[in-house]
Amino acid sequence: MMTLPSFGNILLRQAIKSTSQASTFQHRRHLITHISPTTSLLRSDTSDNEVYLLGTAHVSQASNEEVVDLIQLVKPKYVFVELDANRAAQLRSSSNSASKNSSNNMADSFNSLFKGIGKGLPPNILQQLPPQMNNVLPMLQNAPQMMSRMGWLGSQGAEMKAALEEAERIGATCVYGDVDFEITVRELRNAMMGMATNPMKLMQMIGNAPSPPKELASLTSIILSGGNPTQIIEAVKTREQAKQMTKYVSEALPPLYKVMITKRDVHMAKMLKKHCSDGKVVAVVGAGHVEGIEREWEALDNS
């Protein structure tokens, strides 16, 4: 039985066709084309490839479908995923329940550390904190719970598994492009400890930051109340919303941003250049990494 393409699939197919035709007439250097709210097309003068960079939300069912649709449309030589080799192996062999338990265990390991943030401050200091701290401090203290619910701790979401399975089905080569997870966890723990052991510096850091985007505040409220964050997660996975979220984290919590975003963006861009240098590529990464990978892609092309 033939499956009819979705409306979004049809629009993406048209966008891919039009950008491929346009590339014949354009100079390729610096060419980053946004072909949908979640997908970019990267080209380069230094490598003979086309990279379809898809930003996902790790707990989004819609992202799973987008991954499969894009791979089927592009028929890439390589499928690049935001995983290291060990996590990819675990994800290939794990059930959904095992993956969820892994996330929960990782979140538990950070709970006590985050719960202590701000607890040692004298009452007179707490009274002097800027208004945005009323939102930020609860987010920090409950960050492991939030990251677990959103799929940011432990094994990645089902969309990565969908990418691996679809790559295998069409015979594409899988490229594991992320920093080794154990290295990221160690650096993240060190950054967290530095923040937890110096609450005054942390308060000063966040006091200089702007108020959180309304989507982040809403997401925090829903997650902490035990609600279903699906609708907001779908909304914030677009390029512009993800840009706002990561910008806020970079201003409010630079040490965490450096470990969780910047270092991995640089690494993944280099891995794309090194291991996917010819043919078509579908790269599946979290939405928060898209802008940074685009930026590093251009920087590498200019170096």
# chains A, B, ... in the order shown; residues from 1 in each chain; ligands from 1
>>> residues_around(residues="Arg295 (chain A)", least_positions_apart="5", cutoff="10 Å", atoms="only C-alpha atoms", output="list in words")
His30, Ile32, Asp265, Val266, Ala269, Val290 and Leu300 of chain A
>>> residues_around(residues="Ala252 (chain A)", least_positions_apart="6", cutoff="10 Å", atoms="only C-alpha atoms", output="mmCIF file with N, CA, C and O atoms, in the first residue's frame")
data_model
loop_
_atom_site.group_PDB
_atom_site.id
_atom_site.type_symbol
_atom_site.label_atom_id
_atom_site.label_comp_id
_atom_site.auth_asym_id
_atom_site.auth_seq_id
_atom_site.Cartn_x
_atom_site.Cartn_y
_atom_site.Cartn_z
ATOM 1 N N VAL A 136 14.744 32.080 37.615
ATOM 2 C CA VAL A 136 15.972 31.376 37.272
ATOM 3 C C VAL A 136 16.398 30.381 38.348
ATOM 4 O O VAL A 136 16.801 29.257 38.040
ATOM 5 N N LEU A 202 27.739 32.867 41.114
ATOM 6 C CA LEU A 202 26.628 32.407 40.298
ATOM 7 C C LEU A 202 25.494 33.435 40.294
ATOM 8 O O LEU A 202 24.931 33.758 39.244
ATOM 9 N N MET A 203 25.168 33.956 41.482
ATOM 10 C CA MET A 203 24.100 34.937 41.567
ATOM 11 C C MET A 203 24.446 36.202 40.772
ATOM 12 O O MET A 203 23.599 36.791 40.108
ATOM 13 N N GLN A 204 25.697 36.602 40.843
ATOM 14 C CA GLN A 204 26.139 37.781 40.094
ATOM 15 C C GLN A 204 26.033 37.534 38.586
ATOM 16 O O GLN A 204 25.596 38.402 37.822
ATOM 17 N N MET A 205 26.415 36.315 38.172
ATOM 18 C CA MET A 205 26.371 35.944 36.766
ATOM 19 C C MET A 205 24.941 36.011 36.230
ATOM 20 O O MET A 205 24.667 36.601 35.197
ATOM 21 N N ILE A 206 24.029 35.429 36.986
ATOM 22 C CA ILE A 206 22.641 35.386 36.530
ATOM 23 C C ILE A 206 21.976 36.744 36.692
ATOM 24 O O ILE A 206 21.108 37.121 35.903
ATOM 25 N N GLY A 207 22.395 37.500 37.697
ATOM 26 C CA GLY A 207 21.832 38.824 37.891
ATOM 27 C C GLY A 207 22.110 39.746 36.727
ATOM 28 O O GLY A 207 21.346 40.683 36.467
ATOM 29 N N ASN A 208 23.198 39.491 36.006
ATOM 30 C CA ASN A 208 23.544 40.318 34.848
ATOM 31 C C ASN A 208 22.865 39.838 33.567
ATOM 32 O O ASN A 208 22.987 40.475 32.519
ATOM 33 N N ALA A 209 22.188 38.689 33.651
ATOM 34 C CA ALA A 209 21.551 38.117 32.467
ATOM 35 C C ALA A 209 20.127 38.659 32.310
ATOM 36 O O ALA A 209 19.512 39.105 33.277
ATOM 37 N N PRO A 210 19.593 38.633 31.106
ATOM 38 C CA PRO A 210 18.200 39.066 30.904
ATOM 39 C C PRO A 210 17.228 38.040 31.480
ATOM 40 O O PRO A 210 17.622 36.929 31.864
ATOM 41 N N SER A 211 15.961 38.416 31.534
ATOM 42 C CA SER A 211 14.936 37.474 31.977
ATOM 43 C C SER A 211 14.829 36.330 30.973
ATOM 44 O O SER A 211 15.082 36.513 29.782
ATOM 45 N N PRO A 212 14.450 35.130 31.441
ATOM 46 C CA PRO A 212 14.335 33.988 30.526
ATOM 47 C C PRO A 212 13.265 34.227 29.469
ATOM 48 O O PRO A 212 12.280 34.921 29.725
ATOM 49 N N THR A 246 19.167 29.179 23.412
ATOM 50 C CA THR A 246 20.610 29.005 23.599
ATOM 51 C C THR A 246 21.283 30.335 23.914
ATOM 52 O O THR A 246 22.264 30.375 24.667
#
>>> closest_residue(among="A:Cys174, A:Val249, A:Val179, A:Met268", to="Val285 (chain A)", atoms="only C-alpha atoms")
A:Met268
>>> atom_distance(atom1="CA of Gln61 (chain A)", atom2="CA of Gly157 (chain A)")
9.4 Å
>>> closest_residue(among="A:Lys270, A:Arg87, A:His289, A:Gln241", to="Ser303 (chain A)", atoms="only C-alpha atoms")
A:Lys270
>>> closest_residue(among="A:Ser221, A:Ser94, A:Thr39, A:Thr46", to="Lys274 (chain A)", atoms="only C-alpha atoms")
A:Thr46
>>> decode(residues="region 154-183 of chain A", atoms="C-alpha atoms", output="PDB file, in the first residue's frame")
ATOM      1  CA  GLY A 154      21.323   9.921  29.238  1.00  0.00           C
ATOM      2  CA  SER A 155      20.584   8.362  25.881  1.00  0.00           C
ATOM      3  CA  GLN A 156      19.305  10.636  23.148  1.00  0.00           C
ATOM      4  CA  GLY A 157      15.744  10.513  21.928  1.00  0.00           C
ATOM      5  CA  ALA A 158      13.970   8.218  19.540  1.00  0.00           C
ATOM      6  CA  GLU A 159      14.766  10.453  16.562  1.00  0.00           C
ATOM      7  CA  MET A 160      18.427   9.395  16.744  1.00  0.00           C
ATOM      8  CA  LYS A 161      17.416   5.738  16.763  1.00  0.00           C
ATOM      9  CA  ALA A 162      15.109   6.438  13.813  1.00  0.00           C
ATOM     10  CA  ALA A 163      18.060   7.988  11.962  1.00  0.00           C
ATOM     11  CA  LEU A 164      20.277   4.958  12.628  1.00  0.00           C
ATOM     12  CA  GLU A 165      17.589   2.531  11.513  1.00  0.00           C
ATOM     13  CA  GLU A 166      16.715   4.476   8.361  1.00  0.00           C
ATOM     14  CA  ALA A 167      20.404   4.808   7.455  1.00  0.00           C
ATOM     15  CA  GLU A 168      20.799   1.049   7.760  1.00  0.00           C
ATOM     16  CA  ARG A 169      17.664   0.462   5.684  1.00  0.00           C
ATOM     17  CA  ILE A 170      18.938   2.535   2.727  1.00  0.00           C
ATOM     18  CA  GLY A 171      22.591   1.475   3.070  1.00  0.00           C
ATOM     19  CA  ALA A 172      23.951   4.885   4.136  1.00  0.00           C
ATOM     20  CA  THR A 173      27.106   5.169   6.239  1.00  0.00           C
ATOM     21  CA  CYS A 174      26.482   6.313   9.828  1.00  0.00           C
ATOM     22  CA  VAL A 175      28.858   8.931  11.206  1.00  0.00           C
ATOM     23  CA  TYR A 176      28.929   9.406  14.975  1.00  0.00           C
ATOM     24  CA  GLY A 177      29.797  13.061  15.305  1.00  0.00           C
ATOM     25  CA  ASP A 178      29.451  14.034  18.966  1.00  0.00           C
ATOM     26  CA  VAL A 179      32.083  14.418  21.683  1.00  0.00           C
ATOM     27  CA  ASP A 180      32.543  11.277  23.772  1.00  0.00           C
ATOM     28  CA  PHE A 181      29.705  11.322  26.288  1.00  0.00           C
ATOM     29  CA  GLU A 182      31.940  10.527  29.270  1.00  0.00           C
ATOM     30  CA  ILE A 183      34.099  13.551  28.481  1.00  0.00           C
TER      31      ILE A 183
END
